[in-house]
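Written below as C-alpha cells is the structure these notes are about.
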Amino acid sequence: MNVDLPRISIIIPAPPGMAEVRSAELARHLDYPSAQREILVARGRQPSAQRNAALRAASGELVYFLDDDVEPDPANLRRMAEQFQDPAVAMVGGPNLCPPGAPTREQVFALVLSAWLAFGPSRARYSRVGKRRVSSEKELILCNLAARRLAVLELGGFDEALYPNEENALMDGLQARGCQLIYDPEFACQRRPRRSLGGFARMLMTYGRGRAEQFRLHPSLGSALNFVPPLFCLYCLGLPWGAVQPLVLWPLAAYFGAVLLQTVALVPRGGWLVVPALPLIVMTHLLYGLGFWRGLFTTPGKGTGQAGVDVALERVAS
C-alpha cells in the first residue's frame with residue numbers, strides 16, 4: 001500500500017548557527033513511510049532563498065514547508081497526501097496553534113491573533129475555523145503549508161524580494177492559474193507566539209510592511225482589506241484632539257464599540273485573558289497600519305541579504 005503514497009520532501013529553513021532544529025527532529029517521527037519522505041534543512045539568512053534552494057534540490061512530488069520552531073501534527077503527511085489526490089489542488093494549509101502550556105502572555109497574543117476584528121479572515125491561520133474548504137492566501141500560512149513542487153517551480157518559486165508575504169504572492173499566482181488552495185482546520189501544528197510584547201509589536205509592523213510591499217510588486221484585489229488599518233491610522237492622525245467635534249468622533253466611538261463587542265465574543269475561549277487582549281486589538285490595527293505605510297516607501301528586498309545569498313542544504317536521516 002505504501003507504494004501508492006507520493007514522495008514528500010519536508011523543507012525547513014534555519015539560521016546557520018542553530019545547533020538543533022526542533023521541527024526537523026519532530027518530522028522524523030511523522031506517520032509516513034520513511035522511504036517515501038525526505039527532510040531538507042536549508043541554512044541561511046534569507047528564508048525565501050533557502051526554501052527555493054531546497055525546492056530545486058528536493059525529490060518529492062509534494063513538499064511540506066515547516067518553520068524551525070513548529071511541532072506538526074503526526075498525521076499531517078498522510079492527511080496532505082490524501083488531499084492532493086485531487087489534481088486541481090496545488091496547496092494545502094492549516095492553522096498554527098498556541099501550545100496549551102505556553103506562558104500566559106503568549107496565550108493572550110494567540111487570542112488576539114484569532115480575533116476576527118484583529119486579523120479578519122487571517123484568524124484562520126491561528127485557530128481552527130470552520131471545515132475543510134477551498135480558500136485563499138488570507139487563510140494559509142507558510143510555517144505549515146504543503147504544495148505540489150512542480151506547480152511552485154513553474155511560477156519561479158518564492159519571490160526573494162519579499163519577506164514576509166512571499167507565500168501570499170505565490171498563492172495569488174497559483175489561483176490565477178486556476179489552481180485550488182485548501183484550508184483544512186485539522187491540518188494543524190503547534191507553535192509558540194512571540195515571547196514578548198516588543199516581539200509581538202515588531203511582528204505586526206513587519207506583517208504590515210510585507211503586505212504593502214507585496215501589493216506594490218504583485219497588486220491584487222485580495223489586498224484591498226489590508227488598506228483599512230493604514231486608513232484608520234490616517235483618521236486617528238487627523239482627529240481634532242484639541243477640540244471636541246462629536247460628528248468627527250462618531251467613527252471612533254463606533255470603532256471602540258466594535259472592539260468591545262469583539263472582546264466579549266472572545267470570553268468563551270479566553271476567559272479573563274480578554275482583559276489584556278482588548279488594548280492589544282487596538283495596537284494590532286495601529287502597528288499594522290504604520291507598518292503598511294512604511295512598506296509603501298521601502299525598497300522591497302532591502303535587508304534580506306539576497307545579494308550573494310549563501311544557502312547550505314542538509315539532508316536529515318528520516
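Note on naming: chains are A, B, ... as they come in the C-alpha cells, residues start from 1 per chain, ligands start from 1 in the order shown.
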
Spatial neighbours of segment 202-215 of chain A, 6 Å, only C-alpha atoms, chain gap at least 4 places, as a ChimeraX atom specification = /A:164-165,219,287-288,291-292,294-296

task = Tell me, as an MDAnalysis selection string, which residues lie within 7 Å of segment 132-135 of chain A, counting only C-alpha atoms; anything in the same chain fewer than 5 positions away does not count.
result = chainID A and resid 180:185

task = Name the residues in contact with Ala19 of chain A at a cut-off of 12 Å, using only C-alpha atoms, excluding same-chain residues fewer than 3 positions from it; report them as a list in words.
result = Ala14, Pro15, Pro16, Arg22, Ala24, Glu25, Val41, Arg43 and Asp68 of chain A

Using DSSP on the backbone coordinates, identify the residues of segment 65-285 of chain A assigned to alpha helix (DSSP H); present them as a PDB file with C-alpha atoms, in the first residue's frame.
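And here's out.pdb as it stands now:
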```pdb
ATOM      1  CA  ASN A  76      -0.204  15.713   8.646  1.00  0.00           C
ATOM      2  CA  LEU A  77       1.742  13.892   5.921  1.00  0.00           C
ATOM      3  CA  ARG A  78      -0.916  11.244   5.370  1.00  0.00           C
ATOM      4  CA  ARG A  79      -3.597  13.911   5.525  1.00  0.00           C
ATOM      5  CA  MET A  80      -1.939  16.036   2.854  1.00  0.00           C
ATOM      6  CA  ALA A  81      -1.224  13.015   0.630  1.00  0.00           C
ATOM      7  CA  GLU A  82      -4.930  12.214   0.644  1.00  0.00           C
ATOM      8  CA  GLN A  83      -5.966  15.762  -0.227  1.00  0.00           C
ATOM      9  CA  THR A 104       0.039  33.478  29.821  1.00  0.00           C
ATOM     10  CA  ARG A 105       1.211  36.459  27.755  1.00  0.00           C
ATOM     11  CA  GLU A 106       1.705  34.197  24.736  1.00  0.00           C
ATOM     12  CA  GLN A 107      -1.824  32.866  25.182  1.00  0.00           C
ATOM     13  CA  VAL A 108      -3.030  36.469  25.151  1.00  0.00           C
ATOM     14  CA  PHE A 109      -1.143  37.096  21.894  1.00  0.00           C
ATOM     15  CA  ALA A 110      -2.708  33.934  20.417  1.00  0.00           C
ATOM     16  CA  LEU A 111      -6.170  35.100  21.464  1.00  0.00           C
ATOM     17  CA  VAL A 112      -5.646  38.417  19.661  1.00  0.00           C
ATOM     18  CA  LEU A 113      -4.336  36.653  16.546  1.00  0.00           C
ATOM     19  CA  TRP A 116     -11.886  38.471  13.676  1.00  0.00           C
ATOM     20  CA  LEU A 117     -11.652  42.198  14.350  1.00  0.00           C
ATOM     21  CA  ALA A 118      -7.875  41.992  14.699  1.00  0.00           C
ATOM     22  CA  PHE A 119      -6.963  39.740  11.753  1.00  0.00           C
ATOM     23  CA  ARG A 149       6.592  21.020  -6.014  1.00  0.00           C
ATOM     24  CA  LEU A 150       6.348  21.421  -9.789  1.00  0.00           C
ATOM     25  CA  ALA A 151       3.444  23.875  -9.524  1.00  0.00           C
ATOM     26  CA  VAL A 152       5.573  26.114  -7.299  1.00  0.00           C
ATOM     27  CA  LEU A 153       8.650  25.804  -9.511  1.00  0.00           C
ATOM     28  CA  GLU A 154       6.640  26.631 -12.638  1.00  0.00           C
ATOM     29  CA  GLU A 166       6.436  35.733  -0.309  1.00  0.00           C
ATOM     30  CA  GLU A 167       3.965  32.852   0.063  1.00  0.00           C
ATOM     31  CA  ASN A 168       0.963  35.166  -0.354  1.00  0.00           C
ATOM     32  CA  ALA A 169       2.174  36.392  -3.735  1.00  0.00           C
ATOM     33  CA  LEU A 170       2.881  32.805  -4.775  1.00  0.00           C
ATOM     34  CA  MET A 171      -0.598  31.657  -3.769  1.00  0.00           C
ATOM     35  CA  ASP A 172      -2.176  34.503  -5.735  1.00  0.00           C
ATOM     36  CA  GLY A 173      -0.194  33.325  -8.760  1.00  0.00           C
ATOM     37  CA  LEU A 174      -1.398  29.736  -8.345  1.00  0.00           C
ATOM     38  CA  GLN A 175      -5.023  30.808  -8.070  1.00  0.00           C
ATOM     39  CA  ALA A 176      -4.643  32.953 -11.188  1.00  0.00           C
ATOM     40  CA  LEU A 197       5.254  42.437  23.816  1.00  0.00           C
ATOM     41  CA  GLY A 198       8.099  44.052  21.880  1.00  0.00           C
ATOM     42  CA  GLY A 199       8.406  40.980  19.668  1.00  0.00           C
ATOM     43  CA  PHE A 200       4.660  40.946  19.080  1.00  0.00           C
ATOM     44  CA  ALA A 201       4.723  44.630  18.137  1.00  0.00           C
ATOM     45  CA  ARG A 202       7.603  44.121  15.686  1.00  0.00           C
ATOM     46  CA  MET A 203       5.724  41.216  14.118  1.00  0.00           C
ATOM     47  CA  LEU A 204       2.675  43.437  13.485  1.00  0.00           C
ATOM     48  CA  MET A 205       4.824  46.128  11.884  1.00  0.00           C
ATOM     49  CA  THR A 206       6.576  43.502   9.733  1.00  0.00           C
ATOM     50  CA  TYR A 207       3.265  41.999   8.600  1.00  0.00           C
ATOM     51  CA  GLY A 208       2.023  45.436   7.570  1.00  0.00           C
ATOM     52  CA  ARG A 209       5.248  46.258   5.711  1.00  0.00           C
ATOM     53  CA  GLY A 210       5.235  42.888   3.958  1.00  0.00           C
ATOM     54  CA  ARG A 211       1.667  43.298   2.752  1.00  0.00           C
ATOM     55  CA  ALA A 212       2.386  46.767   1.343  1.00  0.00           C
ATOM     56  CA  GLU A 213       5.491  45.513  -0.473  1.00  0.00           C
ATOM     57  CA  GLN A 214       3.519  42.556  -1.833  1.00  0.00           C
ATOM     58  CA  PHE A 215       0.852  44.936  -3.144  1.00  0.00           C
ATOM     59  CA  ARG A 216       3.493  47.045  -4.856  1.00  0.00           C
ATOM     60  CA  LEU A 217       5.157  44.068  -6.562  1.00  0.00           C
ATOM     61  CA  VAL A 228      -8.220  49.519   6.332  1.00  0.00           C
ATOM     62  CA  PRO A 229      -5.596  49.729   9.156  1.00  0.00           C
ATOM     63  CA  PRO A 230      -3.416  52.338   7.374  1.00  0.00           C
ATOM     64  CA  LEU A 231      -6.510  54.424   6.597  1.00  0.00           C
ATOM     65  CA  PHE A 232      -7.537  54.112  10.246  1.00  0.00           C
ATOM     66  CA  CYS A 233      -4.125  55.482  11.231  1.00  0.00           C
ATOM     67  CA  LEU A 234      -4.693  58.460   8.939  1.00  0.00           C
ATOM     68  CA  TYR A 235      -8.096  59.044  10.504  1.00  0.00           C
ATOM     69  CA  CYS A 236      -6.607  58.999  14.027  1.00  0.00           C
ATOM     70  CA  LEU A 237      -3.831  61.363  12.956  1.00  0.00           C
ATOM     71  CA  PRO A 246     -18.899  64.931  18.039  1.00  0.00           C
ATOM     72  CA  LEU A 247     -19.623  64.316  14.359  1.00  0.00           C
ATOM     73  CA  VAL A 248     -15.953  63.622  13.632  1.00  0.00           C
ATOM     74  CA  LEU A 249     -15.654  61.394  16.696  1.00  0.00           C
ATOM     75  CA  TRP A 250     -18.615  59.152  15.841  1.00  0.00           C
ATOM     76  CA  PRO A 251     -16.485  56.729  13.763  1.00  0.00           C
ATOM     77  CA  LEU A 252     -14.051  56.420  16.666  1.00  0.00           C
ATOM     78  CA  ALA A 253     -16.901  55.691  19.057  1.00  0.00           C
ATOM     79  CA  ALA A 254     -18.235  53.041  16.670  1.00  0.00           C
ATOM     80  CA  TYR A 255     -14.761  51.532  16.428  1.00  0.00           C
ATOM     81  CA  PHE A 256     -14.362  51.173  20.184  1.00  0.00           C
ATOM     82  CA  GLY A 257     -17.857  49.715  20.359  1.00  0.00           C
ATOM     83  CA  ALA A 258     -16.770  47.066  17.852  1.00  0.00           C
ATOM     84  CA  VAL A 259     -13.614  46.371  19.886  1.00  0.00           C
ATOM     85  CA  LEU A 260     -15.735  45.904  22.999  1.00  0.00           C
ATOM     86  CA  LEU A 261     -18.110  43.518  21.209  1.00  0.00           C
ATOM     87  CA  GLN A 262     -15.172  41.514  19.869  1.00  0.00           C
ATOM     88  CA  THR A 263     -13.697  41.294  23.362  1.00  0.00           C
ATOM     89  CA  VAL A 264     -16.977  39.985  24.757  1.00  0.00           C
ATOM     90  CA  ALA A 265     -17.166  37.428  21.930  1.00  0.00           C
ATOM     91  CA  LEU A 266     -13.728  36.125  22.927  1.00  0.00           C
ATOM     92  CA  VAL A 267     -14.737  35.445  26.544  1.00  0.00           C
ATOM     93  CA  PRO A 268     -15.896  31.825  25.959  1.00  0.00           C
ATOM     94  CA  ARG A 269     -12.442  30.949  24.579  1.00  0.00           C
ATOM     95  CA  GLY A 270     -10.228  33.308  26.525  1.00  0.00           C
ATOM     96  CA  VAL A 274      -9.745  39.130  27.172  1.00  0.00           C
ATOM     97  CA  VAL A 275      -8.829  41.962  29.579  1.00  0.00           C
ATOM     98  CA  PRO A 276      -5.216  42.353  28.379  1.00  0.00           C
ATOM     99  CA  ALA A 277      -6.321  41.336  24.862  1.00  0.00           C
ATOM    100  CA  LEU A 278      -8.565  44.414  24.454  1.00  0.00           C
ATOM    101  CA  PRO A 279      -5.789  47.045  24.158  1.00  0.00           C
ATOM    102  CA  LEU A 280      -3.740  44.665  22.016  1.00  0.00           C
ATOM    103  CA  ILE A 281      -6.528  44.529  19.419  1.00  0.00           C
ATOM    104  CA  VAL A 282      -6.264  48.318  19.076  1.00  0.00           C
ATOM    105  CA  MET A 283      -2.465  48.058  18.979  1.00  0.00           C
ATOM    106  CA  THR A 284      -2.759  45.498  16.184  1.00  0.00           C
ATOM    107  CA  HIS A 285      -4.581  47.950  13.909  1.00  0.00           C
TER     108      HIS A 285
END
```

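Excluding Leu62 of chain A and any residue on its chain fewer than 5 positions from it, the residues at most 6 Å away by only C-alpha atoms are Ile8, Ala147, Arg148 and Arg149 of chain A.
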
Can you spit out the residues from that selection as a tab-separated table (two decimals), in the first residue's frame, using N, CA and C atoms?
```tsv
chain	number	residue	atom	x	y	z
A	8	ILE	N	7.28	12.78	-0.38
A	8	ILE	CA	7.13	14.11	0.22
A	8	ILE	C	8.49	14.61	0.70
A	147	ALA	N	2.50	21.74	-0.68
A	147	ALA	CA	2.31	22.19	-2.07
A	147	ALA	C	2.81	21.12	-3.04
A	148	ARG	N	2.33	21.24	-4.28
A	148	ARG	CA	2.90	20.45	-5.37
A	148	ARG	C	4.21	21.14	-5.79
A	149	ARG	N	5.28	20.41	-5.76
A	149	ARG	CA	6.59	21.02	-6.01
A	149	ARG	C	6.67	21.64	-7.41
```

task = Per DSSP on the backbone, filter segment 81-291 of chain A down to the residues in strand (DSSP E) and report them as a list in words.
result = Val89, Ala90, Met91, Val92, Gly93, Asn96, Leu97, Arg133, Val134, Asn144, Leu145, Ala146, Ala147, Arg148, Gln180, Leu181, Ile182, Tyr183, Cys189 and Gln190 of chain A

Can you write just those residues out, C-alpha atoms, as a PDB file, in the first residue's frame?
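What landed in result.pdb:
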```
ATOM      1  CA  VAL A  89      -5.312  21.122  -5.561  1.00  0.00           C
ATOM      2  CA  ALA A  90      -1.963  22.958  -5.556  1.00  0.00           C
ATOM      3  CA  MET A  91      -1.626  23.833  -1.856  1.00  0.00           C
ATOM      4  CA  VAL A  92      -2.971  22.636   1.470  1.00  0.00           C
ATOM      5  CA  GLY A  93      -2.578  24.518   4.724  1.00  0.00           C
ATOM      6  CA  ASN A  96      -0.557  27.022  13.723  1.00  0.00           C
ATOM      7  CA  LEU A  97      -1.907  26.826  17.249  1.00  0.00           C
ATOM      8  CA  ARG A 133     -12.723  24.233   2.136  1.00  0.00           C
ATOM      9  CA  VAL A 134     -11.315  25.902  -0.950  1.00  0.00           C
ATOM     10  CA  ASN A 144       2.593  24.908   7.987  1.00  0.00           C
ATOM     11  CA  LEU A 145       1.993  24.644   4.241  1.00  0.00           C
ATOM     12  CA  ALA A 146       2.017  21.795   1.710  1.00  0.00           C
ATOM     13  CA  ALA A 147       2.314  22.185  -2.065  1.00  0.00           C
ATOM     14  CA  ARG A 148       2.903  20.451  -5.370  1.00  0.00           C
ATOM     15  CA  GLN A 180      -7.103  25.363  -5.729  1.00  0.00           C
ATOM     16  CA  LEU A 181      -5.821  26.265  -2.281  1.00  0.00           C
ATOM     17  CA  ILE A 182      -7.300  24.164   0.521  1.00  0.00           C
ATOM     18  CA  TYR A 183      -7.695  25.207   4.135  1.00  0.00           C
ATOM     19  CA  CYS A 189       0.708  22.353  14.032  1.00  0.00           C
ATOM     20  CA  GLN A 190       1.688  23.920  17.330  1.00  0.00           C
TER      21      GLN A 190
END
```

ask   = Which of these residues is nearest to Asp310 of chain A, using only C-alpha atoms: A:Ser23, A:Gln46, A:Ser127, A:Ser34?
value = A:Gln46

Shortest interatomic distance to Ser136 of chain A - which of A:Leu313, A:Cys179, A:Leu155, A:Ile39, counting only C-alpha atoms =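 Residue with the minimum atom-to-atom distance to Ser136 of chain A: A:Cys179.
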
message = Quick one: residues within 12 Å of Ala27 of chain A, only C-alpha atoms, excluding same-chain residues fewer than 3 positions away - as a ChimeraX atom specification?
response = /A:8-12,21-24,30-34,37-41,64-77,189,316-318

So which residues touch Val311 of chain A within 9 Å, counting only C-alpha atoms, skipping near sequence neighbours fewer than 4 positions away, as a short mmCIF file (atom, residue, chain, number, x, y, z; two decimals) with N, CA and C atoms, in the first residue's frame?
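Contents of result19.cif, as written:
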```
data_model
loop_
_atom_site.label_atom_id
_atom_site.label_comp_id
_atom_site.auth_asym_id
_atom_site.auth_seq_id
_atom_site.Cartn_x
_atom_site.Cartn_y
_atom_site.Cartn_z
N PRO A 16 22.10 29.76 10.21
CA PRO A 16 23.35 28.98 10.16
C PRO A 16 23.78 28.40 11.50
N ALA A 42 17.48 23.85 5.15
CA ALA A 42 18.20 24.84 4.33
C ALA A 42 18.68 25.95 5.24
N ARG A 43 19.98 26.01 5.44
CA ARG A 43 20.54 27.02 6.35
C ARG A 43 20.97 28.26 5.58
N GLY A 44 20.64 29.41 6.15
CA GLY A 44 20.99 30.68 5.52
C GLY A 44 20.35 31.83 6.27
N ARG A 45 20.32 32.99 5.62
CA ARG A 45 19.78 34.19 6.28
C ARG A 45 18.68 34.86 5.44
N GLN A 46 18.19 34.15 4.45
CA GLN A 46 17.09 34.67 3.64
C GLN A 46 16.12 33.52 3.40
N ALA A 49 15.01 32.53 -0.21
CA ALA A 49 16.08 31.90 -0.98
C ALA A 49 16.37 30.49 -0.46
N GLN A 50 16.30 30.30 0.84
CA GLN A 50 16.53 28.98 1.43
C GLN A 50 15.49 27.98 0.94
N ALA A 53 16.07 27.14 -2.78
CA ALA A 53 17.20 26.22 -2.98
C ALA A 53 16.79 24.79 -2.64
N ALA A 54 16.04 24.63 -1.55
CA ALA A 54 15.58 23.30 -1.16
C ALA A 54 14.57 22.75 -2.16
#
```
